[in-house]
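*Asks:* Would you mind keeping the following structure in view while I ask a few things?
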2 protein chains.
Amino acid sequence: MDWNRRNIMLSGGALAAGAIGLPAGAAGALPAAAAGRKLGYAVVGLGGYGLGIIVPQFANCRNSKLVALVSGDAAKARKVAADYGVPERNLYDYRNFDSIRDNPEIDIVYICLPVSMHAEYTIRAARAGKHVLCEKPMALSSAECASMIAACRQAGRKLMIGYRCHFEPTNLEAVRRARAGEIGKLRYFRSEHGFTFNNPNAWRLKKAMSGGGSLMDIGIYALNAARTMTGEEPVAVYAQETTDRSDPRFREVEDLIGFQLEFPSGVVGSCMSMYSANQNHILLVGDKGRIEMEPATAYRGNRLWVGSGRGEEVVPAPGPGATQWAGQLDHLAQCILQDKEPIVAGEEGLRDMRIIEAIYRSAREQKRIALQA
Amino acid sequence: MDWNRRNIMLSGGALAAGAIGLPAGAAGALPAAAAGRKLGYAVVGLGGYGLGIIVPQFANCRNSKLVALVSGDAAKARKVAADYGVPERNLYDYRNFDSIRDNPEIDIVYICLPVSMHAEYTIRAARAGKHVLCEKPMALSSAECASMIAACRQAGRKLMIGYRCHFEPTNLEAVRRARAGEIGKLRYFRSEHGFTFNNPNAWRLKKAMSGGGSLMDIGIYALNAARTMTGEEPVAVYAQETTDRSDPRFREVEDLIGFQLEFPSGVVGSCMSMYSANQNHILLVGDKGRIEMEPATAYRGNRLWVGSGRGEEVVPAPGPGATQWAGQLDHLAQCILQDKEPIVAGEEGLRDMRIIEAIYRSAREQKRIALQA
């Protein structure tokens, strides 16, 4: 299918140069010689996401396998290695990390570290000759993002950002139906993403480690979905922040931030991000109907309605992987095997980060911020 | 119940001086001598709303009766008069309108005319010694609103604006539950109001008659609900308009306008108004749950959910009247009988109009507009 053409139909305007693609297909699309190959991943960081979510996902993969672990906690790493069949020789810590260059079993490094460490470890991995999958948000700043992209380009290695929803069936189905014109001409996009942050000691609440609060962590889903689902790049933002600084959770980072995105076609994007309420919702309203998801970007249980309301629930077609994470892990492996650019390359993370910086600036200066084309 | 106190609990801030009340109760609260009295209404304008919606509602009223009609179409007026038992002597047109002063059967004039005629007929009615119920939006401008308020004050007559949702059970139940703290501390309010405007010749699309497009007509529900349900007055607005001026419907007035409201407590209000898509939705998100309505402000069939999602639908307590319109009509009659101010007096319409003017200005100037306290 020609997504670009359909996108133009939907948005009624020129497709932005950086508009987001959809995964080209599962391993079946690979050349026969590559179809059975599995590239080796080193997972860096055995926190809640790296250990709790990513490590178990290799069992669902076709072109990816877990071959190495990087952790500051040797005992934990040994335990995880034993559980998942990672040889002890492939355990690294943050001091000997650069020696992964000498390990041909490792093709890709998956960085599941606090945001403040993304740039450093992406650049060190690229210099060690490895491809990189880096969690979102990509880095603390767009300057860091640019340096990560440059380092990977210089090393001739691929860089992908962990935007898992680009591999999630409900989200893909929603994009397909929007592009197919099922709701007519898109009028506006709305998304609210937030949850109640309960642990006041988490690194995500330390600005030096996270770079920011709810927007960097959860609001980024609304922002990325706005760009993905409209197929357009915003030309301006306006934002309004509300943070109770006397709340021990929010001494350093923002709680709630509402932002409006201006798209070239005239579509309005209205988003809400917060660490003080639970909401996970995406809505596209067109002149012939609406596409609604709730929850929209959860780990599981996402639901989709297409039509005039919640009358008609849609069961999405299967995604590219057995799970959204398997699809994501295999996508980068397949891109490497075929020498293609990932659909969510470093440039995608950079684009979000530039807009996030503009959102923060808009909230601070209380004015509309135009975005550079 | 002490709504003001509860409101302070909810909003965590000082209650704005002009915060909106709820109807005090039905006719049961009237002194015995007044309980059985019915005040006489003259309905001015026999268009879709005046004739189609209002005229039949007197059958549901306790303290209101239809006694007169004002129309430029004598044949139509005679037909309606016959259908609803209005004596022929009580039929007026726009030339002899002022002679209603000599008709003691008429206590109240209900103005169901195009917006451009609201100020003139409100002022003429007041000068004729009649109380006034005027449809929303109150007038073309805040200056007109102020002159209407002044005219009624000078004549010692009451002025109420037709904000029917203040008498609609689902909306009242939502406000009660928000005030009662059922969703904890309010974080944000969101509302989308729009419909597909099909008739390109309607007066609502002529700026001289309507004063504006979707915002004046349907977006005003989102704005008024934002103020009512938060119990706060916004201190600033930001808005973004999208109108396809090549669409024959939108040569003179706006189609879509998205606006963000800043409330003193930090609550964010995010609203969308349009004439090119169907949406009727209100959402209040607090740190302990949410209140959702869809449809929220329809003539009938409004639905309400309170809790963590759409799991728990709430059946509202009965409203003050048999229907929202009966509650509205009787409220003004009861206020007159008891010499009380209507909960949606002229000042309420003026407040919305000042904000609407700021929204239009914000969209035009692409900047945040601070509102005068």
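By convention here, the chains of the structure tokens are called A, B, ... in the order presented, each chain's residues are numbered starting at 1, and ligands are numbered starting at 1 in the order presented.
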Would you give me, as an MDAnalysis selection string, the residues of chain A that come within 9 Å of chain B, using only C-alpha atoms?

*Replies:* chainID A and resid 187:188 196 238:244 256:260 262 265:272 274 276:279 285:290 308:309 366:368

*Asks:* Would you list the contacts of Gly211 in chain B as a ChimeraX atom specification, taking every protein, DNA or RNA residue within 8 Å and counting only C-alpha atoms, but skipping same-chain residues closer than 3 positions in sequence?

*Replies:* /B:115-116,139-141,206-208,216

*Asks:* Let me see the file: selected residues, C-alpha atoms, as a short mmCIF file (atom, residue, chain, number, x, y, z; two decimals), in the first residue's frame.

*Replies:*
data_model
loop_
_atom_site.label_atom_id
_atom_site.label_comp_id
_atom_site.auth_asym_id
_atom_site.auth_seq_id
_atom_site.Cartn_x
_atom_site.Cartn_y
_atom_site.Cartn_z
CA VAL B 115 -27.99 37.00 17.83
CA SER B 116 -27.85 40.39 16.13
CA ALA B 139 -25.26 39.28 21.97
CA LEU B 140 -22.79 40.22 19.26
CA SER B 141 -20.34 41.79 21.70
CA LYS B 206 -23.83 35.32 8.30
CA LYS B 207 -21.50 37.20 10.56
CA ALA B 208 -23.68 40.29 10.80
CA MET B 216 -20.70 31.57 19.38
#

*Asks:* Which residues, written as a ChimeraX atom specification, have at least one atom at most 12 Å from Pro318 in chain A, with only C-alpha atoms counted and residues fewer than 6 positions away on the same chain left out?

*Replies:* /A:25-26,167-173,324,327

*Asks:* Restricting the calculation to only C-alpha atoms: of A:His131, A:Lys65, A:Lys340, A:Arg101, which residue gets closest to Ala151 in chain A?

*Replies:*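 Comparing A:His131, A:Lys65, A:Lys340, A:Arg101 against Ala151 in chain A, the winner is A:His131.
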
*Asks:* Excluding same-chain residues fewer than 5 positions from Gly48 in chain B, what lies within 12 Å of it counting only C-alpha atoms, as a tab-separated table (two decimals) with C-alpha atoms, in the first residue's frame?

*Replies:*
chain	number	residue	atom	x	y	z
B	53	ILE	CA	-38.15	23.52	21.10
B	54	ILE	CA	-39.45	26.25	23.42
B	55	VAL	CA	-43.13	26.68	22.56
B	56	PRO	CA	-44.06	23.05	23.31
B	112	CYS	CA	-35.31	33.35	20.34
B	113	LEU	CA	-34.01	35.59	17.55
B	114	PRO	CA	-30.78	35.75	15.58
B	202	ALA	CA	-28.50	29.73	7.54
B	203	TRP	CA	-28.32	33.02	9.43

*Asks:* Determine which residues of range 150-202 of chain B receive a DSSP assignment of alpha helix (DSSP H), computed from the backbone, and state them as a PyMOL selection string.

*Replies:* chain B and resi 150-155+169-179

*Asks:* What is the distance, in Å and to one decimal place, between CA of Pro200 in chain A and CA of Gly219 in chain A?

*Replies:*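 Result for CA of Pro200 in chain A versus CA of Gly219 in chain A: 18.8 Å, one decimal.
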
*Asks:* What does the distance from CA of Tyr221 in chain B to CA of Lys130 in chain B come to in Å, to one decimal?

*Replies:*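 It comes out at 27.2 Å.
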
*Asks:* Would you mind listing what lies within 9 Å of Val306 in chain B as a list in words, with only C-alpha atoms counted and same-chain residues fewer than 2 positions away left out?

*Replies:*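 Selected residues are Ala174, Arg177, Glu182, Ile183, Gly289, Arg290, Ile291, Glu292, Met293, Leu304, Ser308, Gly309, Arg310, Gly311, Glu312, Glu313 and Val314 of chain B.
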